[in-house]
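Colleague: This is the structure I want to talk about, given as structure tokens.
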Amino acid sequence: MKKYFIILLCLLTVAVANSQVSNSQLQSIDSLLASVYNNTSPGIGIGIVNNGKTVFKKGYGVTDINTKENIAASTNFNIASLTKQFTAMAVLQLAEQNKLALADHISRFLPGLNRDVAGKITIRELLTHSSGLIDHYDYADTKNLKHAHNIDVFRAIQNIDSTYFIPGSHFRYSNTAFCLLALVIEKASGMTYNAYMKRRIFEPAGMEHTTVWSETGPIFAPATGYELDSATNSFKKSQAEEHIFFSTEGDGGIYTSVDDYIKWFNALQGGKVFSASIVNKARSIEFEIDSTNHLGYGFGWFIDAGTAPVKVYHSGDNAGFRTFSFAIPRQNFLVVIFSNRNDINLEELVMKINNILMPGSKPFAKVEVLTS
């Protein structure tokens with residue numbers, strides 16, 4: 001009788017877990033995405049994890065207009081600013097190993113940067129977009145650059161002696177900051193950024209086919225990025241070859257797949273590959289953007305703590321690629337979408353998917369609201 005009761009309890013537990021996402025909900029999501037993406041145009045890879053189990057994983061559209069190869073969960077996309085959560089985790093690892101401190105001024109690692117700037121900005125302020133660093137785009141020598149890298153960002157701003165505001169006083173989203181963080185990682189670890197990410201982040205998480213873009217490094221099963229030309233209503237190739245700043249590593253250089261990103265999410269959730277303390281720190285509010293509604297930025301994540309459970313998310317936009325990752329860590333829940341076209345708002349798509357899976361739940365605060 002006792003044995004029968006245990007078996008029955010196990011079956012009930014499985015049934016309860018599986019009932020949280022029904023087949024009809026998944027069919028509704030599939031119908032939604034099929035109505036947005038066709039079989040001959042660039043599209044998306046999507047993965048949904050619920051209660052720690054992958055319940056939906058699929059590709060829509062093609063990786064390349066010429067080859068017409070179908071997108072799959074194994075297709076690698078440039079994930080744009082989702083790269084920042086990986087850069088931030090590397091910095092937190094090094095802090096955990098006492099190779100740097102978040103309170104360190106960046107002059108410790110970047111002595112060539114103007115002292116009036118580097119002596120006032122901390123690593124924490126780079127991580128939380130509160131440094132006030134002047135954006136590098138207008139200062140880089142683009143005439144002599146085909147592909148910009150982190151060091152080119154450094155060179156562009158190294159002699160600037162001012163900031164947008166007093167460091168730590170305001171939030172201003174900064175790609176420049178995360179390019180400098182990649183250089184800090186190199187100085188603190190003694191490894192190149194690309195090598196550090198491979199050995200200390202990707203490999204431990206089991207992300208076998210994830211890489212940082214470089215001129216010579218191959219990308220496994222890559223998607224080609226496309227921008228929609230509204231004048232001709234046609235897609236035009238748009239990736240590293242077409243954009244000088246596509247290739248800066250620390251803020252947006254990573255290529256990965258839905259398959260590998262789910263492994264990343266599971267590694268964050270498990271507390272074994274990366275310690276729970278630094279994961280929790282990364283996904284908690286470290287700079288408050290809206291104190292009334294409890295909205296802010298962690299380290300590589302936007303945080304909506306206005307209603308329980310806490311929601312963490314980030315968007316990415318780089319030439320012909322768009323990405324969005326939304327997670328509820330407490331519920332072991334994830335929706336991630338990678339796209340090789342730039343004309344569809346993935347944030348709104350994720351909100352529609354969330355509404356199917358969690359009808360009546362309060363939508364998260366939009367990224368454009370937090371960055372404005």
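Scheme for the structure tokens: letters A, B, ... for chains in order shown; per-chain residue numbers from 1; ligand numbers from 1 in order shown.
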Need the shell around Asn76 of chain A: protein/DNA/RNA residues with any atom at most 6 Å away, counting only C-alpha atoms. Skip same-chain ones fewer than 4 positions apart. Format as JSON, numbers by chain?
Modeller: {"A": [221, 222, 223, 255, 256, 257]}
Colleague: Name all residues at most 10 Å from segment 239-251 of chain A (count only C-alpha atoms; drop same-chain ones fewer than 2 positions away) and give them as a PDB file with C-alpha atoms, in the first residue's frame.
Modeller:
```
ATOM      1  CA  ASN A  78      24.390  37.178 -32.920  1.00  0.00           C
ATOM      2  CA  ALA A  80      23.610  41.567 -29.524  1.00  0.00           C
ATOM      3  CA  SER A  81      23.197  43.094 -26.052  1.00  0.00           C
ATOM      4  CA  LEU A  82      22.304  39.789 -24.413  1.00  0.00           C
ATOM      5  CA  THR A  83      26.102  39.512 -24.518  1.00  0.00           C
ATOM      6  CA  LYS A  84      26.176  41.909 -21.559  1.00  0.00           C
ATOM      7  CA  GLN A  85      24.906  39.291 -19.103  1.00  0.00           C
ATOM      8  CA  PHE A  86      27.849  37.054 -20.053  1.00  0.00           C
ATOM      9  CA  THR A  87      30.369  39.894 -19.721  1.00  0.00           C
ATOM     10  CA  ALA A  88      28.873  40.777 -16.345  1.00  0.00           C
ATOM     11  CA  TYR A 137      30.656  56.178 -31.715  1.00  0.00           C
ATOM     12  CA  ALA A 140      36.262  56.413 -33.310  1.00  0.00           C
ATOM     13  CA  THR A 142      36.078  54.906 -38.698  1.00  0.00           C
ATOM     14  CA  LEU A 145      38.480  50.662 -39.353  1.00  0.00           C
ATOM     15  CA  LYS A 146      36.702  47.768 -41.001  1.00  0.00           C
ATOM     16  CA  HIS A 147      35.787  45.971 -37.791  1.00  0.00           C
ATOM     17  CA  ALA A 148      35.901  47.799 -34.454  1.00  0.00           C
ATOM     18  CA  HIS A 149      36.963  45.923 -31.326  1.00  0.00           C
ATOM     19  CA  ASN A 150      37.023  46.698 -27.602  1.00  0.00           C
ATOM     20  CA  ILE A 151      40.437  48.326 -27.855  1.00  0.00           C
ATOM     21  CA  ASP A 152      39.157  50.659 -30.579  1.00  0.00           C
ATOM     22  CA  VAL A 153      36.408  51.799 -28.225  1.00  0.00           C
ATOM     23  CA  SER A 174      26.131  52.409 -22.329  1.00  0.00           C
ATOM     24  CA  ASN A 175      27.632  49.999 -24.847  1.00  0.00           C
ATOM     25  CA  THR A 176      30.930  51.806 -24.277  1.00  0.00           C
ATOM     26  CA  ALA A 177      30.948  50.687 -20.637  1.00  0.00           C
ATOM     27  CA  PHE A 178      30.692  46.999 -21.512  1.00  0.00           C
ATOM     28  CA  CYS A 179      33.458  47.259 -24.105  1.00  0.00           C
ATOM     29  CA  LEU A 180      35.685  48.647 -21.334  1.00  0.00           C
ATOM     30  CA  LEU A 181      34.553  45.855 -19.000  1.00  0.00           C
ATOM     31  CA  ALA A 182      35.838  43.340 -21.561  1.00  0.00           C
ATOM     32  CA  LEU A 183      39.249  45.030 -21.342  1.00  0.00           C
ATOM     33  CA  ILE A 185      38.418  41.148 -17.792  1.00  0.00           C
ATOM     34  CA  TYR A 193      38.176  38.248 -23.628  1.00  0.00           C
ATOM     35  CA  ASN A 194      37.343  35.578 -26.217  1.00  0.00           C
ATOM     36  CA  VAL A 212      32.563  35.426 -29.677  1.00  0.00           C
ATOM     37  CA  TRP A 213      32.716  36.919 -33.160  1.00  0.00           C
ATOM     38  CA  SER A 214      36.153  37.455 -34.685  1.00  0.00           C
ATOM     39  CA  GLU A 215      37.522  37.924 -38.185  1.00  0.00           C
ATOM     40  CA  THR A 224      22.709  35.599 -41.667  1.00  0.00           C
ATOM     41  CA  GLY A 225      21.411  38.945 -40.383  1.00  0.00           C
ATOM     42  CA  TYR A 226      18.983  40.975 -42.488  1.00  0.00           C
ATOM     43  CA  GLU A 227      17.458  44.435 -42.401  1.00  0.00           C
ATOM     44  CA  LYS A 236      19.261  43.194 -47.288  1.00  0.00           C
ATOM     45  CA  LYS A 237      22.193  41.452 -45.649  1.00  0.00           C
ATOM     46  CA  GLY A 253      29.811  40.069 -29.860  1.00  0.00           C
ATOM     47  CA  ILE A 254      28.465  36.672 -28.815  1.00  0.00           C
ATOM     48  CA  GLY A 300      23.555  42.612 -17.362  1.00  0.00           C
ATOM     49  CA  GLY A 316      19.357  43.051 -28.072  1.00  0.00           C
ATOM     50  CA  ASN A 318      22.623  44.634 -33.661  1.00  0.00           C
ATOM     51  CA  ALA A 319      22.332  45.359 -37.398  1.00  0.00           C
ATOM     52  CA  GLY A 320      20.173  42.531 -38.788  1.00  0.00           C
ATOM     53  CA  PHE A 321      19.720  40.680 -35.497  1.00  0.00           C
ATOM     54  CA  ASN A 340      17.906  37.304 -37.936  1.00  0.00           C
TER      55      ASN A 340
END
```
Colleague: Among segment 54-192 of chain A, which residues carry a DSSP assignment of alpha helix (DSSP H), reported as a ChimeraX atom specification?
Modeller: /A:83-96,115-118,123-127,150-157,175-189
Colleague: Go ahead and dump the residues you just picked, C-alpha atoms, as a tab-separated table (two decimals), in the first residue's frame.
Modeller:
```tsv
chain	number	residue	atom	x	y	z
A	83	THR	CA	26.10	39.51	-24.52
A	84	LYS	CA	26.18	41.91	-21.56
A	85	GLN	CA	24.91	39.29	-19.10
A	86	PHE	CA	27.85	37.05	-20.05
A	87	THR	CA	30.37	39.89	-19.72
A	88	ALA	CA	28.87	40.78	-16.34
A	89	MET	CA	29.11	37.18	-15.11
A	90	ALA	CA	32.80	37.07	-16.05
A	91	VAL	CA	33.42	40.25	-14.03
A	92	LEU	CA	31.54	38.79	-11.04
A	93	GLN	CA	33.61	35.60	-11.27
A	94	LEU	CA	36.82	37.62	-11.13
A	95	ALA	CA	35.49	39.58	-8.16
A	96	GLU	CA	34.65	36.30	-6.43
A	115	ARG	CA	42.62	60.21	-15.18
A	116	ASP	CA	39.78	62.67	-14.55
A	117	VAL	CA	37.39	60.03	-15.87
A	118	ALA	CA	39.01	56.72	-14.92
A	123	ILE	CA	33.59	48.81	-12.16
A	124	ARG	CA	30.15	48.67	-10.48
A	125	GLU	CA	29.14	51.83	-12.34
A	126	LEU	CA	30.21	50.33	-15.66
A	127	LEU	CA	28.12	47.23	-14.89
A	150	ASN	CA	37.02	46.70	-27.60
A	151	ILE	CA	40.44	48.33	-27.86
A	152	ASP	CA	39.16	50.66	-30.58
A	153	VAL	CA	36.41	51.80	-28.23
A	154	PHE	CA	39.05	52.50	-25.57
A	155	ARG	CA	41.17	54.48	-28.02
A	156	ALA	CA	38.18	56.52	-29.13
A	157	ILE	CA	37.45	57.85	-25.64
A	175	ASN	CA	27.63	50.00	-24.85
A	176	THR	CA	30.93	51.81	-24.28
A	177	ALA	CA	30.95	50.69	-20.64
A	178	PHE	CA	30.69	47.00	-21.51
A	179	CYS	CA	33.46	47.26	-24.10
A	180	LEU	CA	35.68	48.65	-21.33
A	181	LEU	CA	34.55	45.85	-19.00
A	182	ALA	CA	35.84	43.34	-21.56
A	183	LEU	CA	39.25	45.03	-21.34
A	184	VAL	CA	39.07	44.90	-17.53
A	185	ILE	CA	38.42	41.15	-17.79
A	186	GLU	CA	41.55	40.80	-19.92
A	187	LYS	CA	43.73	42.76	-17.48
A	188	ALA	CA	42.40	40.98	-14.39
A	189	SER	CA	42.50	37.45	-15.84
```
Colleague: Provide the atom CA of Ala282 of chain A to atom CA of Phe299 of chain A distance in Å, to one decimal place.
Modeller: 4.5 Å
Colleague: Can you tell me which residues surround Lys281 of chain A at a distance of at most 9 Å, considering only C-alpha atoms, apart from same-chain residues fewer than 3 positions away, and format the answer as a VMD selection string?
Modeller: chain A and resid 92 276 to 278 284 to 286 298 to 299
Colleague: Might you pull out every residue within 8 Å of Glu208 of chain A, with only C-alpha atoms counted and same-chain residues fewer than 4 positions away left off, and present them as a list in words?
Modeller: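 That gives Phe202, Glu203 and Asp260 of chain A.
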Colleague: Name all residues at most 7 Å from Gly112 of chain A (count only C-alpha atoms; drop same-chain ones fewer than 2 positions away) and give them as a PDB file with C-alpha atoms, in the first residue's frame.
Modeller:
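Written file, around_14.pdb:
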```
ATOM      1  CA  LEU A 110      42.794  51.002 -17.698  1.00  0.00           C
ATOM      2  CA  ASN A 114      41.985  60.023 -18.925  1.00  0.00           C
ATOM      3  CA  GLN A 158      40.796  57.630 -23.859  1.00  0.00           C
TER       4      GLN A 158
END
```
Colleague: Can you list, as a short mmCIF file (atom, residue, chain, number, x, y, z; two decimals) with N, CA and C atoms, in the first residue's frame, every protein, DNA or RNA residue that comes within 10 Å of Asn38 of chain A when you count only C-alpha atoms, leaving out same-chain residues fewer than 3 positions away?
Modeller:
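Result file follows (result28.cif):
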```cif
data_model
loop_
_atom_site.label_atom_id
_atom_site.label_comp_id
_atom_site.auth_asym_id
_atom_site.auth_seq_id
_atom_site.Cartn_x
_atom_site.Cartn_y
_atom_site.Cartn_z
N LEU A 33 3.18 32.48 -33.78
CA LEU A 33 4.48 32.66 -34.45
C LEU A 33 4.39 32.34 -35.93
N ALA A 34 3.59 31.33 -36.29
CA ALA A 34 3.42 30.98 -37.70
C ALA A 34 2.71 32.09 -38.47
N SER A 35 1.90 32.89 -37.77
CA SER A 35 1.20 34.00 -38.42
C SER A 35 2.13 35.20 -38.64
N SER A 41 11.33 33.62 -45.48
CA SER A 41 11.97 34.86 -45.03
C SER A 41 12.80 34.59 -43.78
N PRO A 42 13.70 35.51 -43.43
CA PRO A 42 14.41 35.39 -42.14
C PRO A 42 13.40 35.30 -41.01
N GLY A 43 13.79 34.67 -39.92
CA GLY A 43 12.81 34.43 -38.86
C GLY A 43 13.42 34.38 -37.48
N TYR A 60 11.51 29.21 -36.95
CA TYR A 60 10.58 29.69 -37.98
C TYR A 60 11.37 30.51 -38.98
N GLY A 61 11.15 30.29 -40.27
CA GLY A 61 11.86 31.03 -41.29
C GLY A 61 13.19 30.39 -41.66
N VAL A 62 14.03 31.15 -42.38
CA VAL A 62 15.27 30.61 -42.93
C VAL A 62 16.50 31.33 -42.38
#
```
Colleague: Write out as a tab-separated table a residue-level contact list of segment 115-160 of chain A versus segment 165-170 of chain A with cut-off 10 Å: for each qualifying residue the closest pair of atoms and the distance in Å to one decimal, counting only C-alpha atoms, rows sorted by chain and residue number upward.
Modeller:
```
residue	atom	partner	partner_atom	distance
A:Val117	CA	A:Pro167	CA	9.0
A:Lys120	CA	A:Pro167	CA	6.9
A:Ile121	CA	A:Pro167	CA	5.9
A:Thr122	CA	A:Pro167	CA	8.2
A:Arg124	CA	A:Gly168	CA	8.8
A:Glu125	CA	A:Gly168	CA	6.0
A:Leu126	CA	A:Pro167	CA	9.2
A:Thr128	CA	A:Gly168	CA	8.8
A:His129	CA	A:His170	CA	8.3
A:Ser130	CA	A:Gly168	CA	5.0
A:Ser131	CA	A:Pro167	CA	4.5
A:Gly132	CA	A:Phe165	CA	5.3
A:Leu133	CA	A:Pro167	CA	8.2
A:Ile134	CA	A:Phe165	CA	9.5
```
Colleague: Would you compute the distance between atom CA of Ser22 of chain A and atom CA of Val350 of chain A? Give it in Å to one decimal.
Modeller: 17.7 Å
Colleague: Could you tell me which of A:Gln25, A:Gln269, A:Thr40, A:Thr75 comes closest to Ser339 of chain A if we count only C-alpha atoms?
Modeller: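 So, comparing all the options, the nearest one is A:Thr75.
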Colleague: As a ChimeraX atom specification, which residues of segment 35-270 of chain A does DSSP assign to strand (DSSP E or B)?
Modeller: /A:42,44-50,53-60,62,70,76-78,105,122,211-212,222,226-229,234-237,254-256
Colleague: Export N, CA and C atoms of the chosen residues as a CSV table (one decimal), in the first residue's frame?
Modeller:
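And here's selection-v4.csv as it stands now:
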```csv
chain,number,residue,atom,x,y,z
A,42,PRO,N,13.7,35.5,-43.4
A,42,PRO,CA,14.4,35.4,-42.1
A,42,PRO,C,13.4,35.3,-41.0
A,44,ILE,N,13.0,33.4,-36.7
A,44,ILE,CA,13.5,33.3,-35.3
A,44,ILE,C,13.7,31.8,-34.9
A,45,GLY,N,14.5,31.7,-33.8
A,45,GLY,CA,14.6,30.5,-33.0
A,45,GLY,C,14.0,30.9,-31.7
A,46,ILE,N,13.2,30.0,-31.1
A,46,ILE,CA,12.6,30.3,-29.8
A,46,ILE,C,12.7,29.1,-28.9
A,47,GLY,N,12.8,29.3,-27.6
A,47,GLY,CA,12.8,28.3,-26.6
A,47,GLY,C,12.0,28.8,-25.4
A,48,ILE,N,11.2,27.9,-24.8
A,48,ILE,CA,10.5,28.2,-23.6
A,48,ILE,C,10.8,27.1,-22.6
A,49,VAL,N,11.2,27.5,-21.4
A,49,VAL,CA,11.4,26.6,-20.3
A,49,VAL,C,10.4,26.9,-19.2
A,50,ASN,N,9.8,25.9,-18.7
A,50,ASN,CA,8.8,26.0,-17.6
A,50,ASN,C,9.1,25.0,-16.5
A,53,LYS,N,11.9,22.7,-17.3
A,53,LYS,CA,11.8,21.7,-18.4
A,53,LYS,C,11.6,22.5,-19.7
A,54,THR,N,12.3,22.1,-20.7
A,54,THR,CA,12.0,22.8,-22.0
A,54,THR,C,10.7,22.2,-22.6
A,55,VAL,N,9.7,23.1,-22.7
A,55,VAL,CA,8.4,22.7,-23.1
A,55,VAL,C,8.1,23.1,-24.6
A,56,PHE,N,9.0,24.0,-25.1
A,56,PHE,CA,8.7,24.5,-26.5
A,56,PHE,C,10.1,24.9,-27.1
A,57,LYS,N,10.4,24.4,-28.3
A,57,LYS,CA,11.7,24.8,-28.9
A,57,LYS,C,11.5,24.6,-30.4
A,58,LYS,N,11.7,25.7,-31.1
A,58,LYS,CA,11.4,25.6,-32.6
A,58,LYS,C,12.0,26.7,-33.3
A,59,GLY,N,12.1,26.5,-34.7
A,59,GLY,CA,12.6,27.6,-35.5
A,59,GLY,C,11.5,27.9,-36.6
A,60,TYR,N,11.5,29.2,-37.0
A,60,TYR,CA,10.6,29.7,-38.0
A,60,TYR,C,11.4,30.5,-39.0
A,62,VAL,N,14.0,31.2,-42.4
A,62,VAL,CA,15.3,30.6,-42.9
A,62,VAL,C,16.5,31.3,-42.4
A,70,ASN,N,16.4,26.0,-43.2
A,70,ASN,CA,15.4,26.3,-42.1
A,70,ASN,C,16.2,26.6,-40.8
A,76,ASN,N,22.9,29.4,-34.8
A,76,ASN,CA,23.6,30.4,-34.0
A,76,ASN,C,23.3,31.8,-34.6
A,77,PHE,N,22.9,32.7,-33.7
A,77,PHE,CA,22.5,34.1,-33.9
A,77,PHE,C,23.5,35.0,-33.2
A,78,ASN,N,23.8,36.2,-33.7
A,78,ASN,CA,24.4,37.2,-32.9
A,78,ASN,C,23.3,37.6,-31.9
A,105,HIS,N,38.2,51.7,-8.9
A,105,HIS,CA,38.1,52.6,-10.0
A,105,HIS,C,38.8,52.0,-11.2
A,122,THR,N,33.8,53.6,-11.2
A,122,THR,CA,34.1,52.3,-10.7
A,122,THR,C,33.6,51.2,-11.6
A,211,THR,N,30.2,31.2,-29.4
A,211,THR,CA,31.5,31.8,-29.6
A,211,THR,C,31.4,33.3,-29.6
A,212,VAL,N,32.5,34.0,-29.5
A,212,VAL,CA,32.6,35.4,-29.7
A,212,VAL,C,33.0,35.7,-31.1
A,222,PRO,N,25.6,29.3,-38.6
A,222,PRO,CA,25.2,30.6,-38.4
A,222,PRO,C,24.0,31.1,-39.2
A,226,TYR,N,19.6,40.2,-41.4
A,226,TYR,CA,19.0,41.0,-42.5
A,226,TYR,C,18.2,42.2,-41.9
A,227,GLU,N,18.3,43.3,-42.7
A,227,GLU,CA,17.5,44.4,-42.4
A,227,GLU,C,16.4,44.5,-43.5
A,228,LEU,N,15.2,44.9,-43.1
A,228,LEU,CA,14.1,45.1,-44.1
A,228,LEU,C,14.2,46.5,-44.7
A,229,ASP,N,14.4,46.6,-46.0
A,229,ASP,CA,14.3,47.8,-46.7
A,229,ASP,C,12.9,48.2,-47.0
A,234,SER,N,12.1,44.5,-49.3
A,234,SER,CA,13.0,43.4,-49.4
A,234,SER,C,14.1,43.4,-48.3
A,235,PHE,N,14.6,42.2,-48.1
A,235,PHE,CA,15.7,42.1,-47.0
A,235,PHE,C,17.0,42.2,-47.6
A,236,LYS,N,17.9,43.0,-46.9
A,236,LYS,CA,19.3,43.2,-47.3
A,236,LYS,C,20.2,42.7,-46.2
A,237,LYS,N,21.2,42.0,-46.6
A,237,LYS,CA,22.2,41.5,-45.6
A,237,LYS,C,22.7,42.5,-44.7
A,254,ILE,N,28.7,38.1,-29.0
A,254,ILE,CA,28.5,36.7,-28.8
A,254,ILE,C,27.5,36.1,-29.8
A,255,TYR,N,27.8,35.0,-30.4
A,255,TYR,CA,26.9,34.2,-31.2
A,255,TYR,C,26.5,32.9,-30.4
A,256,THR,N,25.2,32.6,-30.3
A,256,THR,CA,24.8,31.4,-29.6
A,256,THR,C,23.5,31.0,-30.2
```
Colleague: Considering only C-alpha atoms, state which residue in the set A:Lys362, A:Thr163, A:Leu370, A:Thr323 is at the smallest distance from Glu347 of chain A.
Modeller: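 Under the stated criterion, the closest residue is A:Thr323.
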Colleague: Go through A:Ala308, A:Asp317, A:Gln331, A:Glu288 one by one, measure the shortest atom-to-atom distance of each to Ser361 of chain A using only C-alpha atoms, and give the residue with the smallest value.
Modeller: A:Ala308
Colleague: Check the smallest atom-to-atom distance from each of A:Lys366, A:Ile201, A:Asp135, A:Glu69 to Ile160 of chain A using only C-alpha atoms, then report the winner.
Modeller: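 Checking each candidate against Ile160 of chain A, we get A:Asp135 as the closest.
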